[in-house]
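Chemist: Pasting in a structure now, in structure tokens, and then I'll have a few things to ask.
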Amino acid sequence: MIYVLTIYTLVAIINLPPLIKNGQKRELFAFIAFFIVAFVLSLLYAMDIEIPSPMEGLKYLIEDFMGLKYPEPK
Amino acid sequence: MKNTAVKIATILLMITLLFGCLDGRELSELEIVIGIGIDSADDPDSIKLTAQVVNVSQLGLSGSGGDPDSKPYWNAATTGTTIFEAIRQITHKTGNRLFVPHCEVVIYSKDVAKQGLYKHLDFFLRAIEMRLTSFILIAEGKAGEVLDAKPQTEELPAVNIYNLVKSYGFTSHLYDVTLKEFSSRLISEATAPVAPLIKVVQEGENKDVQVMGLAVFKEDKMIDELNMDETRGLLWVINEVKSGVLIVPTPEESGVAVFEIETAKGKVKPEITDDGKIIMHIDIKLQANLSEQTTAEKLARPEIFEKLQDNMSEVVVQEIMSAYEKSSKTGSDIFGFGDMIHKKYNKKWHEQLEEDWEEIYKTIEFDIKVDSKITKTNLLKNPVTQKLGG
Amino acid sequence: MNVERGKINVTQLFFCVTGFVEGSVLLVNFAVDMTKSQTWMAVLASIAVAIPVIYSYVALATRFPGLNVIQINDIVYGPILGKLISLYYIFFFALTFSFNNRDIGELYKIFIMPDAPMIFFLAAFAVTCAYAVHKGLEPLARVSHIIVAISFTVMLLIFLLLIDIMDFSNFLPLFDVPLISFIHSVHVITAIPFCESIAFLMIFGSLDKTEKAAKYVIWGLISGGFILLNVAVRNTAVLGNTETIWTSTSFESTRLIDIGTVLTRMDLWVGVIQTILIFFKASLLLYALATSVAQILGLKSYLPILLPLTAIEVILSATVYQSPVDHAMTTQNAGIFYSTPLLYFTPAITLLIAVIRKLPKSKRRKRS
């Protein structure tokens, strides 16, 4: 967990100043947005909180809802 | 500030790479296993596992300098309900986990084999450390004893057994069955698995091991045995005869001529006739040289050679038929004829033959052609005899 | 407005495609469950099925030279629908990278270092790919020559070393497998090694000459397919009927090499080659992901968002499946169905609409 915090702080330190200096607003927003998402996810993972996987949803959608499934091989 | 951040990040990255060391096992921590034996224990559900571990410090010392009683190996024995449980239990006796990648032989005792090998095979196939090229053997009596029989010319019993099986070609009276070969036969529904038999022979003070003949299984349970000639009969057909000794009666029947097999090739062609009869066309090509004769007949003449070759072919046919007859008593397809028919006559196999293959196997007819050739008579042209000029 | 500044030539494209297709060389194992000894037929059939599909990708890219697929979608479908379709592409790239990352993570965890936690492999591998993508497309393209050369040599060597254990009668009986299983297998093999190269739609934009691209791409497909065929044939010939029980057939068959008791334990080579190949494939996928996200958000460069995207991918790889068994079962079913509309139909439909609407308009202007 401390590991997660350290890595993210480091990444922020390395990446943020050039973006702010060059005034690239869009890049800055995109970076901060993804950064926050990644940070939250990593924290949840490090704290052993279960993160739902998109495949579960897709599996449900495709196999149960649409019934698209191949028969089991012998 | 950015530079320090980069430096710290690099250091952290390098520390992360140390995660790979979690698996490291030092050489002194390894208990190198070279052979494993499975016996039945007193409790009917348990097995007794004997693992032969190399005692590295004693290796090379026994006999010459060191203490003659010390062995360069150690048989660690434990009991457990399953193999993996027993193997882990050995850590109750050592301090380290067993290191299995050098395991060369896996020996099951006959009792265990008769009860069924499925439960005792899974671990060896699933474990990452095991080798698929290890040999499987069935022991008469206890596997633990077999692993304890100290060989004369080799330091480690398991290595000795491995060499024994590997050199099957010299007599072709047994067959080297690896774990992979065994599983392949096990998975095939038609073919019966086989494994070489090993037993301990007590001669005076020395205990030696002998590997001869094959055990025949039905699915995973041992049901039958093949003796030496029957085993070679099997090997003729599956093209695994490398060398061996053929004893052939001479034309005048006053003794025998002994041949050494130089090369042998076996080909099988299955055929299903229109009225549903199965005929196996077996074609054996054999080259041998005359190594010994026990009569005073002069055998080195073309017409005698002809007769000797015919007699030799007769012997081969007898060996093959004896193997077939023994195996057809139990309906075990040791030759793999079922799979051959499956590959050639796919539809007929699925429709008619697959279900009752055991019964149908007993009705197979053979068309065996043996083409023997005597290539040389080594150094003697004529036997040492007093009948000179006759 | 292009996000990438480098250019690659068509020969490099050929090696890139070959390396990309080879990246899924262990994937033949997934198909063995269904087609057993006829997997080689499924590989050949998949190559045949994939050729027209891939051709539609290249045709789309040649029609719009210098542009990547997000830009093409905007032009063909209009700003709103185009962005939605581009989101499907991005979703695909993201999931596919996580599958590949997980593939290599599982390989290491099962075979090579069972005691280390999987997240370590996932993170290390993803960060390495991110580093490669950070350097840009050109270095990746230059490296592709070496990667393909090494992998071809090693694969052929392993094949030659195993020749005396091969039993070619294992390929009989032919046509033993029911048709539905065969179709299943072809679907899997077409979707994963071949059609995942839809990621190249982000790379075609950087070609210096797009006219001859089709020939090189199709040849790249065939040579990559040749290696997959090599693997399928080798595994069936060596393992015979035991093929279906192993977790990884390539590992087991390579393990059987035992020449002079010296050359044993060659399965290490399979691990090394697979790592290199999946690294190449994953880097290209990550590149596709980063550039497509950057393009859709209108950023001038994908570099800033690269690391956060990689981090999200790592967590995604760690959580997407519960276990290798889950991975295998899902890949054979839902894993290929979710992408079927995208891989097979979307580029062809895009091309069709472009032809009907007579896009890109600049072509018309050139003529008049």
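Residues in the structure tokens are numbered from 1 in each chain, the chains being A, B, ... in the order shown, and ligands are numbered from 1 in the order shown.
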Kindly assemble as JSON lines a list of the chain A residues that lie within 9 Å of chain C, each paired with its nearest atom pair and their distance in Å to one decimal, using only C-alpha atoms, sorted first by chain and then by ascending residue number.
Modeler:
{"residue": "A:Val11", "atom": "CA", "partner": "C:Leu307", "partner_atom": "CA", "distance": 8.0}
{"residue": "A:Asn15", "atom": "CA", "partner": "C:Pro304", "partner_atom": "CA", "distance": 6.9}
{"residue": "A:Leu16", "atom": "CA", "partner": "C:Pro304", "partner_atom": "CA", "distance": 8.7}
{"residue": "A:Leu19", "atom": "CA", "partner": "C:Pro304", "partner_atom": "CA", "distance": 8.0}
{"residue": "A:Gln24", "atom": "CA", "partner": "C:Lys300", "partner_atom": "CA", "distance": 8.9}
{"residue": "A:Arg26", "atom": "CA", "partner": "C:Leu299", "partner_atom": "CA", "distance": 6.3}
{"residue": "A:Glu27", "atom": "CA", "partner": "C:Leu299", "partner_atom": "CA", "distance": 6.0}
{"residue": "A:Leu28", "atom": "CA", "partner": "C:Pro304", "partner_atom": "CA", "distance": 7.9}
{"residue": "A:Ala30", "atom": "CA", "partner": "C:Ile305", "partner_atom": "CA", "distance": 6.7}
{"residue": "A:Phe31", "atom": "CA", "partner": "C:Ile305", "partner_atom": "CA", "distance": 5.1}
{"residue": "A:Ile32", "atom": "CA", "partner": "C:Ile305", "partner_atom": "CA", "distance": 8.6}
{"residue": "A:Ala33", "atom": "CA", "partner": "C:Pro308", "partner_atom": "CA", "distance": 8.9}
{"residue": "A:Phe34", "atom": "CA", "partner": "C:Pro308", "partner_atom": "CA", "distance": 5.5}
{"residue": "A:Phe35", "atom": "CA", "partner": "C:Pro308", "partner_atom": "CA", "distance": 5.0}
{"residue": "A:Ile36", "atom": "CA", "partner": "C:Pro308", "partner_atom": "CA", "distance": 8.4}
{"residue": "A:Val37", "atom": "CA", "partner": "C:Ile312", "partner_atom": "CA", "distance": 7.4}
{"residue": "A:Ala38", "atom": "CA", "partner": "C:Ile312", "partner_atom": "CA", "distance": 4.9}
{"residue": "A:Phe39", "atom": "CA", "partner": "C:Ala311", "partner_atom": "CA", "distance": 8.2}
{"residue": "A:Leu41", "atom": "CA", "partner": "C:Ile315", "partner_atom": "CA", "distance": 6.8}
{"residue": "A:Ser42", "atom": "CA", "partner": "C:Ile315", "partner_atom": "CA", "distance": 6.6}
{"residue": "A:Tyr45", "atom": "CA", "partner": "C:Ile315", "partner_atom": "CA", "distance": 7.3}
{"residue": "A:Glu50", "atom": "CA", "partner": "C:Thr319", "partner_atom": "CA", "distance": 8.2}
{"residue": "A:Ile51", "atom": "CA", "partner": "C:Thr319", "partner_atom": "CA", "distance": 6.6}
{"residue": "A:Pro52", "atom": "CA", "partner": "C:Thr319", "partner_atom": "CA", "distance": 7.2}
{"residue": "A:Ser53", "atom": "CA", "partner": "C:Val320", "partner_atom": "CA", "distance": 4.8}
{"residue": "A:Pro54", "atom": "CA", "partner": "C:Val320", "partner_atom": "CA", "distance": 6.7}
{"residue": "A:Met55", "atom": "CA", "partner": "C:Val320", "partner_atom": "CA", "distance": 6.1}
{"residue": "A:Glu56", "atom": "CA", "partner": "C:Val320", "partner_atom": "CA", "distance": 8.0}
{"residue": "A:Leu58", "atom": "CA", "partner": "C:Ala334", "partner_atom": "CA", "distance": 7.0}
{"residue": "A:Lys59", "atom": "CA", "partner": "C:Ala334", "partner_atom": "CA", "distance": 5.4}
{"residue": "A:Tyr60", "atom": "CA", "partner": "C:Ala334", "partner_atom": "CA", "distance": 8.7}
{"residue": "A:Leu61", "atom": "CA", "partner": "C:Ala334", "partner_atom": "CA", "distance": 8.7}
{"residue": "A:Ile62", "atom": "CA", "partner": "C:Ala334", "partner_atom": "CA", "distance": 6.0}
{"residue": "A:Glu63", "atom": "CA", "partner": "C:Ala334", "partner_atom": "CA", "distance": 6.6}
{"residue": "A:Leu68", "atom": "CA", "partner": "C:Phe337", "partner_atom": "CA", "distance": 7.6}
{"residue": "A:Lys69", "atom": "CA", "partner": "C:Asn333", "partner_atom": "CA", "distance": 5.9}
{"residue": "A:Tyr70", "atom": "CA", "partner": "C:Asn333", "partner_atom": "CA", "distance": 6.6}
{"residue": "A:Pro71", "atom": "CA", "partner": "C:Ser181", "partner_atom": "CA", "distance": 7.8}
{"residue": "A:Glu72", "atom": "CA", "partner": "C:Met34", "partner_atom": "CA", "distance": 8.4}
{"residue": "A:Pro73", "atom": "CA", "partner": "C:Met34", "partner_atom": "CA", "distance": 5.3}
{"residue": "A:Lys74", "atom": "CA", "partner": "C:Met34", "partner_atom": "CA", "distance": 7.6}
Chemist: Suppose we keep N, CA and C atoms; can you now write the selection as a tab-separated table (two decimals), in the first residue's frame?
Modeler:
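Full text of selection_31.tsv as output:
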chain	number	residue	atom	x	y	z
A	11	VAL	N	5.28	9.41	-9.92
A	11	VAL	CA	4.82	9.61	-11.29
A	11	VAL	C	4.27	11.01	-11.45
A	15	ASN	N	5.70	13.80	-14.01
A	15	ASN	CA	4.93	14.15	-15.20
A	15	ASN	C	4.24	15.49	-15.14
A	16	LEU	N	3.85	15.94	-13.94
A	16	LEU	CA	3.03	17.15	-13.88
A	16	LEU	C	3.74	18.44	-14.27
A	19	LEU	N	3.87	19.47	-17.92
A	19	LEU	CA	2.57	19.76	-18.49
A	19	LEU	C	2.08	21.14	-18.08
A	24	GLN	N	-0.30	22.91	-21.53
A	24	GLN	CA	-1.15	22.06	-22.37
A	24	GLN	C	-2.36	21.66	-21.54
A	26	ARG	N	-5.43	20.57	-22.28
A	26	ARG	CA	-6.16	19.30	-22.53
A	26	ARG	C	-5.37	18.12	-21.98
A	27	GLU	N	-4.04	18.13	-22.26
A	27	GLU	CA	-3.23	17.02	-21.79
A	27	GLU	C	-3.28	16.94	-20.28
A	28	LEU	N	-3.24	18.14	-19.65
A	28	LEU	CA	-3.24	18.18	-18.20
A	28	LEU	C	-4.51	17.55	-17.64
A	30	ALA	N	-6.55	15.48	-19.14
A	30	ALA	CA	-6.59	14.03	-19.41
A	30	ALA	C	-5.70	13.29	-18.43
A	31	PHE	N	-4.50	13.83	-18.23
A	31	PHE	CA	-3.57	13.17	-17.32
A	31	PHE	C	-4.15	13.06	-15.93
A	32	ILE	N	-4.67	14.18	-15.42
A	32	ILE	CA	-5.19	14.16	-14.05
A	32	ILE	C	-6.37	13.22	-13.94
A	33	ALA	N	-7.23	13.23	-14.96
A	33	ALA	CA	-8.39	12.35	-14.90
A	33	ALA	C	-7.96	10.88	-14.81
A	34	PHE	N	-7.11	10.43	-15.76
A	34	PHE	CA	-6.69	9.04	-15.74
A	34	PHE	C	-5.89	8.72	-14.51
A	35	PHE	N	-5.10	9.71	-14.06
A	35	PHE	CA	-4.28	9.50	-12.88
A	35	PHE	C	-5.15	9.19	-11.67
A	36	ILE	N	-6.21	9.97	-11.53
A	36	ILE	CA	-7.08	9.76	-10.37
A	36	ILE	C	-7.74	8.39	-10.46
A	37	VAL	N	-8.22	8.04	-11.66
A	37	VAL	CA	-8.85	6.73	-11.81
A	37	VAL	C	-7.87	5.62	-11.45
A	38	ALA	N	-6.64	5.72	-12.00
A	38	ALA	CA	-5.63	4.68	-11.74
A	38	ALA	C	-5.31	4.61	-10.25
A	39	PHE	N	-5.18	5.78	-9.63
A	39	PHE	CA	-4.82	5.84	-8.24
A	39	PHE	C	-5.88	5.18	-7.36
A	41	LEU	N	-8.12	2.98	-8.29
A	41	LEU	CA	-8.15	1.53	-8.54
A	41	LEU	C	-7.00	0.83	-7.83
A	42	SER	N	-5.81	1.42	-7.89
A	42	SER	CA	-4.66	0.78	-7.26
A	42	SER	C	-4.84	0.70	-5.76
A	45	TYR	N	-7.17	-2.02	-4.97
A	45	TYR	CA	-6.53	-3.32	-5.14
A	45	TYR	C	-5.59	-3.62	-4.00
A	50	GLU	N	-12.47	-5.93	-3.52
A	50	GLU	CA	-12.68	-6.56	-4.82
A	50	GLU	C	-13.17	-5.57	-5.86
A	51	ILE	N	-12.48	-5.58	-6.98
A	51	ILE	CA	-12.89	-4.68	-8.07
A	51	ILE	C	-13.63	-5.53	-9.10
A	52	PRO	N	-14.84	-5.17	-9.47
A	52	PRO	CA	-15.57	-5.99	-10.45
A	52	PRO	C	-14.88	-5.93	-11.82
A	53	SER	N	-14.87	-7.08	-12.47
A	53	SER	CA	-14.16	-7.09	-13.73
A	53	SER	C	-15.17	-6.95	-14.87
A	54	PRO	N	-14.81	-6.22	-15.91
A	54	PRO	CA	-15.74	-6.05	-17.03
A	54	PRO	C	-16.11	-7.36	-17.70
A	55	MET	N	-15.21	-8.36	-17.56
A	55	MET	CA	-15.50	-9.63	-18.22
A	55	MET	C	-16.72	-10.31	-17.60
A	56	GLU	N	-16.92	-10.08	-16.29
A	56	GLU	CA	-18.10	-10.69	-15.68
A	56	GLU	C	-19.35	-10.17	-16.35
A	58	LEU	N	-19.59	-8.81	-19.35
A	58	LEU	CA	-19.64	-9.28	-20.73
A	58	LEU	C	-20.08	-10.73	-20.80
A	59	LYS	N	-19.54	-11.54	-19.86
A	59	LYS	CA	-19.90	-12.95	-19.87
A	59	LYS	C	-21.39	-13.10	-19.66
A	60	TYR	N	-21.92	-12.35	-18.70
A	60	TYR	CA	-23.35	-12.43	-18.43
A	60	TYR	C	-24.13	-12.02	-19.66
A	61	LEU	N	-23.69	-10.91	-20.26
A	61	LEU	CA	-24.40	-10.39	-21.42
A	61	LEU	C	-24.43	-11.39	-22.55
A	62	ILE	N	-23.24	-11.96	-22.82
A	62	ILE	CA	-23.17	-12.79	-24.01
A	62	ILE	C	-23.70	-14.19	-23.78
A	63	GLU	N	-23.36	-14.78	-22.65
A	63	GLU	CA	-23.76	-16.18	-22.49
A	63	GLU	C	-25.18	-16.32	-21.98
A	68	LEU	N	-25.14	-16.88	-26.59
A	68	LEU	CA	-24.15	-17.26	-27.59
A	68	LEU	C	-23.07	-18.07	-26.91
A	69	LYS	N	-23.18	-19.38	-27.07
A	69	LYS	CA	-22.15	-20.18	-26.42
A	69	LYS	C	-21.91	-21.42	-27.24
A	70	TYR	N	-20.67	-21.83	-27.36
A	70	TYR	CA	-20.36	-23.06	-28.07
A	70	TYR	C	-20.55	-24.24	-27.12
A	71	PRO	N	-20.88	-25.40	-27.65
A	71	PRO	CA	-21.00	-26.56	-26.77
A	71	PRO	C	-19.64	-26.96	-26.22
A	72	GLU	N	-19.64	-27.59	-25.07
A	72	GLU	CA	-18.40	-27.99	-24.42
A	72	GLU	C	-17.67	-29.01	-25.27
A	73	PRO	N	-16.36	-28.90	-25.39
A	73	PRO	CA	-15.65	-29.92	-26.18
A	73	PRO	C	-15.64	-31.24	-25.42
A	74	LYS	N	-15.58	-32.36	-26.15
A	74	LYS	CA	-15.67	-33.67	-25.52
A	74	LYS	C	-14.51	-33.92	-24.57
Chemist: Check every residue of chain B for an atom within 7 Å of chain A, counting only C-alpha atoms, and provide those that qualify as a list in words.
Modeler: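 Interface list for chain B against chain A: Lys2, Ala5, Val6 and Ala9 of chain B.
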Chemist: Could you work out which residues of chain C fall inside 7 Å of chain B? Count only C-alpha atoms, and format the result as a compact mmCIF listing (two decimals) with C-alpha atoms, in the first residue's frame.
Modeler:
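The result, written out as selection.txt:
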# COMPACT_ATOMS: atom_id res chain seq x y z
CA PHE C 111 5.75 -22.37 -14.90
CA MET C 113 8.25 -18.51 -10.65
CA ASP C 115 5.87 -18.25 -5.57
CA ALA C 116 5.91 -14.65 -6.71
CA LEU C 172 -4.98 -39.75 -38.39
CA PRO C 173 -7.88 -40.15 -38.37
CA ASN C 241 -3.52 -38.30 -27.78
CA THR C 242 -2.19 -36.79 -24.57
CA LEU C 256 10.40 -34.00 -24.06
Chemist: Counting only C-alpha atoms, which residues of segment 18-114 of chain C fall within 7 Å of segment 339-351 of chain C, and what is the closest atom pair for each with its distance in Å at one decimal, ordered by chain and rising number, as JSON lines?
Modeler:
{"residue": "C:Val53", "atom": "CA", "partner": "C:Tyr344", "partner_atom": "CA", "distance": 6.1}
{"residue": "C:Ser56", "atom": "CA", "partner": "C:Ala348", "partner_atom": "CA", "distance": 5.5}
{"residue": "C:Tyr57", "atom": "CA", "partner": "C:Pro347", "partner_atom": "CA", "distance": 5.9}
{"residue": "C:Leu60", "atom": "CA", "partner": "C:Leu351", "partner_atom": "CA", "distance": 5.4}
{"residue": "C:Val76", "atom": "CA", "partner": "C:Thr350", "partner_atom": "CA", "distance": 6.9}
{"residue": "C:Phe92", "atom": "CA", "partner": "C:Ser339", "partner_atom": "CA", "distance": 7.0}
Chemist: Atom CA of Thr178 of chain B and atom CA of Ile165 of chain C are how many Å apart?
Modeler: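 Here the two named atoms are 12.6 Å from each other.
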Chemist: Do you know which residues are at most 12 Å from Thr330 of chain B counting only C-alpha atoms, after dropping those on the same chain fewer than 6 positions away, and could you put them as a list in words?
Modeler: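 These residues fall inside the cut-off: Ala192, Val216, Phe217, Lys218, Met222, Ile223, Asp224, Glu225, Leu226, Ala323, Tyr324, Trp357, Glu358, Glu359, Ile360, Tyr361 and Lys362 of chain B.
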Chemist: Taking the backbone alone, and naming residues the way the document does, which bits of segment 178-328 of chain B are strand (DSSP E) by DSSP, as a PyMOL selection string?
Modeler: chain B and resi 194-203+206-218+221-226+245-249+256-272+278-293
Chemist: DSSP says alpha helix (DSSP H) for which residues of chain A? Put them as a PyMOL selection string?
Modeler: chain A and resi 2-22+25-46+54-59
Chemist: Atom CA of Gln295 of chain C to atom CA of Ala61 of chain C: how many Å, to one decimal?
Modeler: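 Separation between atom CA of Gln295 of chain C and atom CA of Ala61 of chain C: 16.2 Å.
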Chemist: Could you jot down the atom CA of Ala190 of chain B to atom CA of Gly338 of chain B separation for me, Å, one decimal place?
Modeler: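 Distance between the two atoms: 5.4 Å.
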Chemist: Would you kindly return, as a list in words, each protein, DNA or RNA residue with an atom no farther than 10 Å from any atom of Ile107 of chain B, considering only C-alpha atoms and excluding same-chain residues fewer than 4 positions away?
Modeler: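 Within the cut-off, the hits are Gly35, Ile36, Gly37, Ile38, Asp39, Leu49, Thr50, Ala113, Phe135, Ile136, Leu137, Ile138, Ala139, Lys142, Ala143, Gly144, Val146, Leu147, Ala158, Ile161, Ala195, Pro196, Leu197 and Ile198 of chain B.
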Chemist: Tell me which of B:Gly116, B:Pro383, B:Gly336, B:Pro251 sits closest to Glu303 of chain B, counting only C-alpha atoms.
Modeler: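 Result for the nearest residue to Glu303 of chain B: B:Pro251.
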Chemist: Under the rule that only C-alpha atoms are counted, which of C:Asn68, C:Asn100, C:Asn29, C:Thr254 is the nearest residue to Leu229 of chain C?
Modeler: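 Counting only C-alpha atoms, the residue closest to Leu229 of chain C is C:Asn29.
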Chemist: Counting only C-alpha atoms, what is within 8 Å of His120 of chain B, bar same-chain residues fewer than 3 positions away, as a list in words?
Modeler: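 The filter keeps Thr82, Ile83, Leu117, Phe123 and Phe124 of chain B.
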Chemist: With N, CA and C atoms retained, could you export that selection as a PDB file, in the first residue's frame?
Modeler:
ATOM      1  N   THR B  82      -2.303 -39.681  -0.109  1.00  0.00           N
ATOM      2  CA  THR B  82      -2.032 -39.428  -1.519  1.00  0.00           C
ATOM      3  C   THR B  82      -0.548 -39.144  -1.669  1.00  0.00           C
ATOM      4  N   ILE B  83      -0.111 -39.109  -2.903  1.00  0.00           N
ATOM      5  CA  ILE B  83       1.318 -38.954  -3.152  1.00  0.00           C
ATOM      6  C   ILE B  83       1.834 -37.599  -2.699  1.00  0.00           C
ATOM      7  N   LEU B 117      -3.812 -47.419 -10.802  1.00  0.00           N
ATOM      8  CA  LEU B 117      -2.755 -46.416 -10.735  1.00  0.00           C
ATOM      9  C   LEU B 117      -3.239 -44.991 -10.920  1.00  0.00           C
ATOM     10  N   PHE B 123      -0.187 -36.951  -9.743  1.00  0.00           N
ATOM     11  CA  PHE B 123       0.814 -36.034  -9.230  1.00  0.00           C
ATOM     12  C   PHE B 123       2.024 -35.958 -10.155  1.00  0.00           C
ATOM     13  N   PHE B 124       2.469 -37.113 -10.668  1.00  0.00           N
ATOM     14  CA  PHE B 124       3.699 -37.094 -11.445  1.00  0.00           C
ATOM     15  C   PHE B 124       3.536 -36.377 -12.767  1.00  0.00           C
TER      16      PHE B 124
END
